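Q: Contents of upload-v5.csv (CSV, C-alpha atoms) are below:
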```csv
chain,number,residue,atom,x,y,z
C,1,MET,CA,0.0,0.0,0.0
C,2,LYS,CA,1.5,3.3,-1.1
C,3,LEU,CA,0.2,6.3,0.7
C,4,LEU,CA,0.7,10.0,0.0
C,5,TYR,CA,0.0,12.6,2.6
C,6,CYS,CA,-0.4,16.3,1.7
C,7,ILE,CA,0.2,18.8,4.4
C,8,PRO,CA,1.3,22.5,4.2
C,9,SER,CA,4.3,21.9,6.5
C,10,LEU,CA,5.6,19.7,9.2
C,11,SER,CA,7.8,22.4,10.8
C,12,GLU,CA,5.0,23.9,13.0
C,13,SER,CA,4.2,22.7,16.5
C,14,GLY,CA,0.4,22.5,16.0
C,15,GLY,CA,-1.9,19.6,16.7
C,16,THR,CA,-2.4,18.7,13.1
C,17,GLU,CA,1.3,18.4,12.4
C,18,ARG,CA,1.7,16.3,15.6
C,19,ILE,CA,-1.1,13.8,14.9
C,20,VAL,CA,-0.2,13.4,11.2
C,21,THR,CA,3.5,12.8,12.1
C,22,GLU,CA,2.4,10.2,14.7
C,23,LYS,CA,0.1,8.4,12.1
C,24,ILE,CA,2.8,8.3,9.5
C,25,ASN,CA,5.4,6.9,11.9
C,26,PHE,CA,2.9,4.2,12.9
C,27,LEU,CA,2.1,3.3,9.3
C,28,THR,CA,5.8,3.2,8.3
C,29,ASN,CA,6.1,0.2,10.7
C,30,VAL,CA,3.1,-1.6,9.2
C,31,PRO,CA,4.3,-4.4,6.8
C,32,ASN,CA,3.9,-3.5,3.1
C,33,TYR,CA,3.1,0.1,3.7
C,34,SER,CA,5.2,2.9,2.3
C,35,ILE,CA,4.6,6.6,2.9
C,36,THR,CA,5.4,9.8,0.9
C,37,ILE,CA,4.7,13.3,2.1
C,38,VAL,CA,4.2,16.4,0.0
C,39,THR,CA,4.6,19.8,1.6
C,40,THR,CA,3.8,23.2,0.0
C,41,GLU,CA,5.3,25.7,2.5
C,42,GLY,CA,9.0,26.2,2.4
C,43,ARG,CA,12.0,23.9,1.7
C,44,HIS,CA,14.7,22.4,4.0
C,45,LYS,CA,12.5,22.9,7.1
C,46,THR,CA,13.1,20.4,9.9
C,47,PRO,CA,9.9,18.7,11.1
C,48,PHE,CA,9.0,19.9,14.6
C,49,TYR,CA,8.1,16.4,15.7
C,50,LYS,CA,10.4,13.5,15.0
C,51,LEU,CA,9.6,11.8,11.7
C,52,ASP,CA,10.7,8.3,10.7
C,53,SER,CA,13.7,8.6,8.4
C,54,ARG,CA,12.2,6.0,6.0
C,55,VAL,CA,9.4,8.5,5.0
C,56,ASN,CA,9.9,10.1,1.6
C,57,VAL,CA,9.4,13.9,1.9
C,58,ILE,CA,8.9,16.0,-1.2
C,59,GLU,CA,9.0,19.8,-0.6
C,60,LEU,CA,7.3,21.7,-3.4
C,61,ASP,CA,8.2,25.1,-2.0
C,62,LEU,CA,5.0,26.8,-3.4
C,63,ASN,CA,4.5,29.0,-0.4
C,64,PHE,CA,0.8,29.9,-0.5
C,65,ASN,CA,1.2,31.6,2.8
C,66,ASP,CA,3.5,34.2,1.3
C,67,ASN,CA,0.5,35.8,-0.3
C,68,PHE,CA,-1.8,35.8,2.7
C,69,SER,CA,-1.4,39.6,3.4
C,70,ASP,CA,-1.6,40.7,-0.3
C,71,ASN,CA,-4.5,42.8,-1.6
C,72,LEU,CA,-7.4,40.7,-2.8
C,73,VAL,CA,-6.7,40.9,-6.5
C,74,LYS,CA,-3.0,40.0,-6.1
C,75,LYS,CA,-3.8,37.2,-3.6
C,76,VAL,CA,-6.4,35.6,-5.9
C,77,LEU,CA,-4.1,35.9,-9.0
C,78,TYR,CA,-1.0,34.4,-7.4
C,79,THR,CA,-3.0,31.7,-5.6
C,80,LYS,CA,-4.5,30.5,-8.9
C,81,ILE,CA,-1.1,30.4,-10.5
C,82,LYS,CA,0.3,28.3,-7.6
C,83,LEU,CA,-2.7,26.0,-7.6
C,84,VAL,CA,-2.1,25.2,-11.3
C,85,LYS,CA,1.5,24.4,-10.5
C,86,TYR,CA,0.5,22.4,-7.4
C,87,ALA,CA,-2.0,20.2,-9.4
C,88,PHE,CA,0.7,19.5,-12.0
C,89,TYR,CA,3.3,18.5,-9.5
C,90,LEU,CA,0.9,16.5,-7.3
C,91,ARG,CA,-0.3,14.5,-10.3
C,92,LYS,CA,3.3,13.9,-11.3
C,93,VAL,CA,4.2,12.7,-7.7
C,94,ILE,CA,1.2,10.3,-7.7
C,95,SER,CA,2.1,8.9,-11.1
C,96,SER,CA,5.9,8.5,-10.5
C,97,ASN,CA,5.5,6.9,-7.1
C,98,ASN,CA,2.5,4.7,-8.0
C,99,ILE,CA,0.5,6.1,-5.2
C,100,ASP,CA,-2.6,4.0,-4.2
C,101,ILE,CA,-4.2,6.5,-1.8
C,102,CYS,CA,-3.7,10.3,-1.6
C,103,ILE,CA,-4.7,11.9,1.7
C,104,SER,CA,-5.3,15.6,2.1
C,105,THR,CA,-5.1,17.1,5.5
C,106,GLY,CA,-7.3,20.0,4.4
C,107,GLY,CA,-4.7,22.2,2.6
C,108,LYS,CA,-4.8,23.9,-0.8
C,109,GLU,CA,-5.0,20.6,-2.6
C,110,LEU,CA,-8.7,20.5,-1.7
C,111,GLU,CA,-9.2,23.2,-4.3
C,112,PHE,CA,-8.6,20.6,-7.1
C,113,LEU,CA,-8.1,17.1,-5.6
C,114,SER,CA,-11.6,15.7,-6.4
C,115,SER,CA,-11.2,16.6,-10.1
C,116,LEU,CA,-7.5,15.7,-10.4
C,117,ARG,CA,-7.1,13.2,-13.2
C,118,THR,CA,-5.5,10.2,-11.5
C,119,LYS,CA,-6.6,6.7,-10.6
C,120,CYS,CA,-5.5,6.8,-7.0
C,121,ILE,CA,-8.1,6.9,-4.2
C,122,LYS,CA,-8.6,10.3,-2.7
C,123,ILE,CA,-9.3,11.0,1.0
C,124,CYS,CA,-9.5,14.1,3.1
C,125,GLU,CA,-8.9,13.8,6.8
C,126,PHE,CA,-10.4,17.0,8.1
C,127,HIS,CA,-8.9,18.3,11.4
C,128,PHE,CA,-11.5,21.0,12.0
C,129,SER,CA,-15.2,21.1,12.4
C,130,LYS,CA,-17.5,21.6,9.4
C,131,ASN,CA,-18.2,25.1,10.6
C,132,SER,CA,-14.6,26.0,11.3
C,133,ARG,CA,-14.3,28.6,8.6
C,134,LYS,CA,-17.5,30.2,9.8
C,135,LEU,CA,-16.5,30.1,13.4
C,136,PHE,CA,-13.1,31.5,12.5
C,137,ILE,CA,-14.5,34.4,10.6
C,138,ASN,CA,-17.2,35.1,13.2
C,139,SER,CA,-14.7,35.1,16.0
C,140,ASN,CA,-12.9,38.0,14.4
C,141,LYS,CA,-15.7,39.8,12.4
C,142,LYS,CA,-19.3,40.3,13.5
C,143,ALA,CA,-20.6,42.2,10.4
C,144,LYS,CA,-23.3,40.7,8.3
C,145,PHE,CA,-21.0,40.8,5.3
C,146,TRP,CA,-18.5,38.5,7.0
C,147,ASN,CA,-21.2,36.1,7.9
C,148,THR,CA,-22.1,35.9,4.2
C,149,ILE,CA,-18.5,35.2,3.4
C,150,ALA,CA,-18.4,32.5,6.1
C,151,ASN,CA,-21.4,30.7,4.6
C,152,ILE,CA,-19.8,30.9,1.1
C,153,ARG,CA,-16.6,29.4,2.4
C,154,THR,CA,-18.5,26.6,4.1
C,155,LYS,CA,-20.3,25.8,0.9
C,156,GLN,CA,-17.0,25.8,-0.9
C,157,LEU,CA,-15.7,23.2,1.6
C,158,VAL,CA,-18.7,21.0,0.9
C,159,ASP,CA,-18.2,21.2,-2.8
C,160,GLN,CA,-14.5,20.4,-2.5
C,161,THR,CA,-15.1,17.3,-0.4
C,162,LYS,CA,-18.3,15.7,-1.6
C,163,PHE,CA,-16.8,13.9,-4.6
C,164,LEU,CA,-13.8,12.5,-2.8
C,165,ASP,CA,-13.7,8.8,-2.1
C,166,ARG,CA,-13.9,9.5,1.6
C,167,LEU,CA,-14.0,12.4,4.0
C,168,VAL,CA,-12.9,11.4,7.5
C,169,ILE,CA,-14.0,13.7,10.3
C,170,LEU,CA,-13.2,13.8,14.0
C,171,THR,CA,-16.4,13.8,16.0
C,172,LYS,CA,-19.9,12.4,16.2
C,173,ARG,CA,-21.3,15.9,16.3
C,174,ASP,CA,-19.5,16.8,13.1
C,175,GLU,CA,-20.7,13.5,11.6
C,176,GLU,CA,-24.3,14.6,12.0
C,177,LEU,CA,-23.6,18.0,10.3
C,178,TRP,CA,-21.7,16.4,7.4
C,179,MET,CA,-24.2,13.7,6.7
C,180,LYS,CA,-26.7,16.5,5.7
C,181,THR,CA,-24.5,17.3,2.6
C,182,ASN,CA,-22.1,14.5,2.0
C,183,ASN,CA,-22.5,10.7,1.4
C,184,ASN,CA,-18.8,9.8,1.9
C,185,ILE,CA,-18.4,10.3,5.6
C,186,THR,CA,-16.4,8.2,8.0
C,187,GLN,CA,-15.9,9.3,11.6
C,188,ILE,CA,-12.6,8.4,13.3
C,189,TYR,CA,-11.3,10.1,16.5
C,190,ASN,CA,-7.8,11.2,16.9
C,191,PHE,CA,-5.6,9.2,19.3
C,192,SER,CA,-3.4,10.6,22.1
C,193,PRO,CA,0.3,10.8,20.9
C,194,LEU,CA,1.3,10.0,24.5
C,195,GLU,CA,1.8,6.3,25.1
C,196,GLN,CA,0.1,4.7,28.1
C,197,THR,CA,2.5,4.4,31.0
C,198,GLU,CA,2.2,3.6,34.7
C,199,THR,CA,3.3,7.1,35.6
C,200,PHE,CA,0.6,9.7,36.1
C,201,SER,CA,0.2,13.1,37.7
C,202,SER,CA,-0.1,13.0,41.5
C,203,LEU,CA,-2.7,15.9,41.1
C,204,LEU,CA,-1.1,17.5,44.3
C,205,ASN,CA,0.8,20.2,42.6
C,206,SER,CA,-0.9,23.6,42.8
C,207,LYS,CA,-0.7,24.2,39.1
C,208,VAL,CA,-3.2,24.6,36.2
C,209,ILE,CA,-2.0,24.2,32.7
C,210,ALA,CA,-3.1,25.1,29.2
C,211,ILE,CA,-1.4,24.4,25.9
C,212,GLY,CA,-2.0,25.8,22.4
C,213,ARG,CA,-1.2,28.5,19.8
C,214,LEU,CA,-1.5,32.0,21.2
C,215,GLU,CA,-4.2,32.9,18.7
C,216,ASP,CA,-7.8,34.1,19.0
C,217,GLN,CA,-9.2,30.6,18.5
C,218,LYS,CA,-7.7,29.2,21.7
C,219,GLY,CA,-9.4,31.8,23.9
C,220,PHE,CA,-6.6,32.4,26.4
C,221,ASP,CA,-8.1,35.9,27.0
C,222,TYR,CA,-11.1,34.1,28.5
C,223,LEU,CA,-8.8,32.0,30.6
C,224,ILE,CA,-6.9,35.0,32.0
C,225,ASP,CA,-10.3,36.6,32.8
C,226,ALA,CA,-11.3,33.5,34.7
C,227,TRP,CA,-8.0,33.3,36.4
C,228,LYS,CA,-8.5,36.8,37.7
C,229,ILE,CA,-11.5,35.5,39.6
C,230,VAL,CA,-9.7,32.3,40.7
C,231,SER,CA,-6.6,34.0,42.0
C,232,LYS,CA,-8.6,36.0,44.5
C,233,LYS,CA,-9.6,32.8,46.2
C,234,ASN,CA,-6.6,30.5,45.7
C,235,ASN,CA,-3.4,32.6,45.9
C,236,GLY,CA,-1.2,29.5,46.1
C,237,TRP,CA,-2.1,28.2,42.7
C,238,THR,CA,-0.4,29.1,39.4
C,239,LEU,CA,-1.5,29.0,35.7
C,240,GLU,CA,1.0,28.0,33.0
C,241,ILE,CA,0.2,28.6,29.4
C,242,TYR,CA,2.4,26.9,26.8
C,243,GLY,CA,2.5,27.9,23.1
C,244,LYS,CA,3.5,30.7,20.8
C,245,GLY,CA,1.6,33.0,18.4
C,246,SER,CA,0.7,36.5,17.3
C,247,LEU,CA,-1.2,37.3,20.5
C,248,GLU,CA,1.7,36.8,22.9
C,249,LEU,CA,2.3,40.5,23.6
C,250,ASP,CA,-1.4,41.2,23.9
C,251,LEU,CA,-1.7,38.4,26.5
C,252,ARG,CA,1.3,39.6,28.4
C,253,ASP,CA,-0.2,43.0,28.5
C,254,LYS,CA,-3.5,41.6,29.8
C,255,ILE,CA,-1.7,39.6,32.5
C,256,ASN,CA,0.2,42.7,33.7
C,257,ALA,CA,-2.9,44.9,33.5
C,258,ASP,CA,-4.8,42.4,35.7
C,259,ASN,CA,-1.8,42.2,38.1
C,260,LEU,CA,-1.5,38.4,37.5
C,261,GLN,CA,2.2,38.3,36.7
C,262,ASN,CA,2.9,36.4,40.0
C,263,SER,CA,0.5,33.6,39.2
C,264,VAL,CA,0.2,33.4,35.4
C,265,SER,CA,3.1,32.8,33.1
C,266,LEU,CA,3.5,32.3,29.3
C,267,LYS,CA,6.0,29.6,29.0
C,268,GLY,CA,6.6,29.4,25.2
C,269,VAL,CA,6.6,26.1,23.2
C,270,THR,CA,7.4,22.8,25.0
C,271,THR,CA,8.7,19.7,23.4
C,272,ASP,CA,7.9,17.6,26.5
C,273,VAL,CA,4.1,17.8,26.9
C,274,ARG,CA,4.0,14.7,29.1
C,275,ASP,CA,6.4,16.2,31.7
C,276,LYS,CA,4.4,19.4,31.8
C,277,LEU,CA,1.1,17.6,32.2
C,278,GLN,CA,2.4,15.2,34.8
C,279,ASN,CA,3.5,18.1,36.9
C,280,SER,CA,0.1,19.8,36.7
C,281,SER,CA,-3.2,19.0,38.5
C,282,ILE,CA,-5.8,20.5,36.2
C,283,TYR,CA,-6.0,21.2,32.4
C,284,ALA,CA,-8.0,24.3,31.3
C,285,LEU,CA,-9.5,24.7,27.8
C,286,THR,CA,-11.3,28.0,26.9
C,287,SER,CA,-11.2,27.7,23.1
C,288,ARG,CA,-13.7,29.5,21.0
C,289,TYR,CA,-14.0,26.4,18.8
C,290,GLU,CA,-12.1,23.2,18.2
C,291,GLY,CA,-12.0,20.2,15.8
C,292,PHE,CA,-11.2,17.5,18.3
C,293,PRO,CA,-8.7,18.9,20.9
C,294,MET,CA,-5.8,16.5,21.0
C,295,VAL,CA,-4.4,18.2,24.1
C,296,LEU,CA,-7.4,16.9,26.1
C,297,LEU,CA,-6.4,13.4,25.0
C,298,GLU,CA,-2.9,14.0,26.2
C,299,SER,CA,-4.2,15.4,29.5
C,300,ILE,CA,-6.3,12.3,30.3
C,301,SER,CA,-3.4,10.0,29.2
C,302,CYS,CA,-1.5,11.6,32.1
C,303,GLY,CA,-4.5,11.3,34.5
C,304,VAL,CA,-5.0,15.1,34.6
C,305,PRO,CA,-8.7,16.1,34.9
C,306,ILE,CA,-10.1,18.9,32.7
C,307,VAL,CA,-12.2,22.0,33.0
C,308,SER,CA,-13.4,23.0,29.5
C,309,PHE,CA,-15.8,25.2,27.7
C,310,ASP,CA,-18.5,23.2,25.9
C,311,CYS,CA,-17.2,24.7,22.6
C,312,GLU,CA,-17.9,23.4,19.1
C,313,THR,CA,-16.7,20.6,18.8
C,314,GLY,CA,-15.0,17.9,20.7
C,315,PRO,CA,-14.8,18.5,24.5
C,316,SER,CA,-18.3,17.1,25.2
C,317,GLU,CA,-17.2,13.8,23.4
C,318,ILE,CA,-14.3,13.4,25.8
C,319,ILE,CA,-15.8,14.7,29.0
C,320,GLU,CA,-19.1,12.8,29.3
C,321,SER,CA,-21.4,13.5,32.3
C,322,ASN,CA,-18.5,15.3,33.9
C,323,ASP,CA,-16.6,12.0,34.3
C,324,CYS,CA,-13.0,13.1,33.7
C,325,GLY,CA,-13.5,16.8,34.2
C,326,ILE,CA,-16.1,19.5,34.3
C,327,ILE,CA,-17.8,20.8,31.1
C,328,VAL,CA,-18.9,24.5,31.3
C,329,GLU,CA,-21.4,26.5,29.4
C,330,ASP,CA,-19.6,27.9,26.4
C,331,LYS,CA,-17.9,31.3,26.9
C,332,ASN,CA,-19.3,31.7,30.4
C,333,VAL,CA,-16.2,33.0,32.2
C,334,ALA,CA,-17.8,33.2,35.6
C,335,LYS,CA,-18.9,29.6,35.5
C,336,PHE,CA,-15.5,28.5,34.2
C,337,ALA,CA,-13.8,30.2,37.1
C,338,SER,CA,-16.3,28.6,39.5
C,339,ALA,CA,-15.5,25.2,38.1
C,340,LEU,CA,-11.8,25.8,38.4
C,341,VAL,CA,-12.2,26.8,42.1
C,342,GLU,CA,-14.3,23.7,42.8
C,343,MET,CA,-11.6,21.5,41.3
C,344,ILE,CA,-8.8,23.3,43.1
C,345,GLU,CA,-10.5,23.2,46.5
C,346,ASN,CA,-11.7,19.6,46.3
C,347,THR,CA,-8.7,17.3,46.2
C,348,GLU,CA,-10.8,14.1,46.5
C,349,MET,CA,-12.9,15.2,43.4
C,350,ARG,CA,-9.7,15.9,41.5
C,351,ILE,CA,-8.3,12.5,42.2
C,352,GLU,CA,-11.5,10.7,41.3
C,353,LYS,CA,-11.8,12.5,38.0
C,354,GLY,CA,-8.1,11.8,37.4
C,355,LYS,CA,-8.8,8.1,37.7
C,356,SER,CA,-11.7,8.4,35.3
C,357,ALA,CA,-9.4,10.3,32.9
C,358,ARG,CA,-6.8,7.4,32.9
C,359,GLU,CA,-9.6,4.9,32.2
C,360,LYS,CA,-11.1,7.1,29.5
C,361,SER,CA,-7.8,7.4,27.7
C,362,LYS,CA,-7.8,3.7,26.8
C,363,LYS,CA,-10.7,4.4,24.4
C,364,PHE,CA,-8.4,6.7,22.5
C,365,SER,CA,-5.3,4.5,22.3
C,366,LYS,CA,-3.1,4.7,19.2
C,367,GLU,CA,-3.6,1.0,18.4
C,368,ILE,CA,-7.4,1.2,18.5
C,369,ILE,CA,-7.6,4.3,16.4
C,370,MET,CA,-5.0,3.3,13.8
C,371,ASN,CA,-6.7,-0.1,13.3
C,372,GLN,CA,-9.7,1.8,12.2
C,373,TRP,CA,-7.6,3.7,9.7
C,374,LEU,CA,-6.0,0.4,8.4
C,375,THR,CA,-9.5,-1.1,8.0
C,376,LEU,CA,-10.6,2.0,6.0
C,377,PHE,CA,-7.5,1.9,3.8
C,378,ASP,CA,-8.0,-1.8,3.1
C,379,ASP,CA,-11.7,-1.4,2.3
C,380,LEU,CA,-11.1,1.5,-0.1
C,381,TYR,CA,-8.2,-0.2,-1.8
C,382,ASN,CA,-10.0,-3.5,-2.3
C,383,LYS,CA,-13.1,-1.7,-3.7
C,384,GLY,CA,-10.8,0.2,-6.1
C,385,LYS,CA,-9.3,-2.9,-7.6
```
Produce structure tokens that represent the structure in this file.
A:
Amino acid sequence: MKLLYCIPSLSESGGTERIVTEKINFLTNVPNYSITIVTTEGRHKTPFYKLDSRVNVIELDLNFNDNFSDNLVKKVLYTKIKLVKYAFYLRKVISSNNIDICISTGGKELEFLSSLRTKCIKICEFHFSKNSRKLFINSNKKAKFWNTIANIRTKQLVDQTKFLDRLVILTKRDEELWMKTNNNITQIYNFSPLEQTETFSSLLNSKVIAIGRLEDQKGFDYLIDAWKIVSKKNNGWTLEIYGKGSLELDLRDKINADNLQNSVSLKGVTTDVRDKLQNSSIYALTSRYEGFPMVLLESISCGVPIVSFDCETGPSEIIESNDCGIIVEDKNVAKFASALVEMIENTEMRIEKGKSAREKSKKFSKEIIMNQWLTLFDDLYNKGK
């Protein structure tokens, strides 16, 4: 089985890059599987996460992101030129490497993949919710014009995916939404990249942790607002936020303006998520929207209970009936703060939810999830013969 994965870049520290790298490393060790990767953004960039040396990486160096800030006319023109080149190169890669299955991770290849003239099977594994483009635009712009743009972009996404051989999505909630427009849907959860061990957090350290890009989507402004309330009641606890992004200075200014610099710290990117989680006692998620937040899977793998907004989508399919954490009304900062205080002050509750977290994590093991992928690949391949 010869697989081709298309992803903009592997040099970033995001969740998509991490889970795709982990999948590819797993598949490389499956007998009779060979993996090729095509990237579009940059050349000679080192993967952020360790990639098996047997994987064939082809860097096209098209750099769609270079035109992101151009005016609309220039951006459209250069993007169209690059898409023509990308389609030509991708078809050439598929042909010369005898690719059986081409897998998009939701990048620019979706613009043309379903109509690309090639006999290989075409899949998109979509790492966001169906409404992600609408949620992204609405989180930044509230005008009616931008809502119209968001609806157009969502329709484009449907048109780009409905004629693929398979669209793999992350959550049951998203499956319901996609089934209204597409007949090619398979739902497979992400797995936790952290292997099961016998070492878990003691849940006795006075530390809350959050991990993610310092961007609007992750809602760290909400978390700091909540922490302002929490810090008045629990002075001994600290909040550590790991990640990098364009909002770092804004968040630092917010922390200083709220006089929280003694209890909230921005720690930058970490390459040892397990260590940071195992030395924490609560994971906090205040995202405006998600696909299926992998960091929550990492958290429960370390036995760390969660306090999370009930954002679209994902958290409510991990935290069920408040078993391994507390799910809070979306964007309700006061209730989020209250839930954090409850978890902080009740050590027995924290430990019980930590036990539930460890048990829940078995459902999202790499072996269970990747066997679902292997079954899907086999079924599509056998049907295509």
Q: So that I can see what lies close to region 360-376 of chain C, please list as a list of chain:residue names the residues with an atom at most 7 Å from it, counting only C-alpha atoms and leaving out residues fewer than 4 positions away in the same chain.
A: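 Everything that qualifies: C:Tyr189, C:Asn190, C:Phe191, C:Ser192, C:Leu297, C:Ile300, C:Ser301, C:Ser356, C:Leu380.
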Q: Sorted by chain and rising residue number, which residues of region 151-203 of chain C lie within 8 Å of region 121-133 of chain C, and what are their closest atom pairs and distances in Å to one decimal, counting all atoms listed in the file, as JSON lines?
A:
```
{"residue": "C:Arg153", "atom": "CA", "partner": "C:Arg133", "partner_atom": "CA", "distance": 6.7}
{"residue": "C:Thr154", "atom": "CA", "partner": "C:Arg133", "partner_atom": "CA", "distance": 6.5}
{"residue": "C:Thr161", "atom": "CA", "partner": "C:Cys124", "partner_atom": "CA", "distance": 7.3}
{"residue": "C:Leu164", "atom": "CA", "partner": "C:Lys122", "partner_atom": "CA", "distance": 5.6}
{"residue": "C:Asp165", "atom": "CA", "partner": "C:Lys122", "partner_atom": "CA", "distance": 5.3}
{"residue": "C:Arg166", "atom": "CA", "partner": "C:Ile123", "partner_atom": "CA", "distance": 4.9}
{"residue": "C:Leu167", "atom": "CA", "partner": "C:Cys124", "partner_atom": "CA", "distance": 4.9}
{"residue": "C:Val168", "atom": "CA", "partner": "C:Glu125", "partner_atom": "CA", "distance": 4.7}
{"residue": "C:Ile169", "atom": "CA", "partner": "C:Phe126", "partner_atom": "CA", "distance": 5.4}
{"residue": "C:Leu170", "atom": "CA", "partner": "C:His127", "partner_atom": "CA", "distance": 6.7}
{"residue": "C:Asp174", "atom": "CA", "partner": "C:Ser129", "partner_atom": "CA", "distance": 6.1}
{"residue": "C:Leu177", "atom": "CA", "partner": "C:Lys130", "partner_atom": "CA", "distance": 7.1}
{"residue": "C:Trp178", "atom": "CA", "partner": "C:Lys130", "partner_atom": "CA", "distance": 7.0}
```
Q: Would you work out the distance separating CA of Lys244 (chain C) from CA of Asp216 (chain C), expressed in Å to one decimal?
A: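 For CA of Lys244 (chain C) relative to CA of Asp216 (chain C), the distance reads 11.9 Å.
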Q: Would you mind reading off the distance between CA of Phe377 (chain C) and CA of Thr171 (chain C), one decimal, in Å?
A: 19.2 Å
Q: So, counting only C-alpha atoms, which residue among C:Lys50, C:Lys233, C:Lys119, C:Lys383 is closest to Asn98 (chain C)?
A: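 Closest candidate: C:Lys119.
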Q: Give the answer as one residue: which of C:Tyr49, C:Phe88, C:Gly384, C:Ser308 has the shortest atom-to-atom distance to Asp272 (chain C), using only C-alpha atoms?
A: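 For Asp272 (chain C), the nearest of the given residues is C:Tyr49.
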Q: What gap, in Å, lies between CA of Ile99 (chain C) and CA of Lys155 (chain C)?
A: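 About the pair CA of Ile99 (chain C) and CA of Lys155 (chain C): they are 29.3 Å apart.
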Q: At a cut-off of 9 Å, using only C-alpha atoms, what residues contact Ala226 (chain C)? Leave out same-chain residues fewer than 5 positions from it and give the result as a list in words.
A: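 Using only C-alpha atoms, the neighbours found are Asp221, Ser231, Val333, Ala334, Lys335, Phe336, Ala337, Ser338 and Leu340 of chain C.
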Q: Between C:Val307, C:Ala87, C:Ile101, C:Ala357, which residue has the minimum interatomic distance to Arg117 (chain C), considering only C-alpha atoms?
A: C:Ala87
Q: When you count only C-alpha atoms, which of these residues is closest to Ile344 (chain C): C:Gly236, C:Gly212, C:Gly245, C:Gly106?
A: C:Gly236
Q: Report as number ranges by chain all protein, DNA and RNA residues lying within 10 Å of region 259-268 of chain C, evaluated on all atoms listed in the file, omitting residues in the same chain fewer than 6 positions from it.
A: C: 207-214, 224, 227-228, 231, 235-245, 248, 251-253
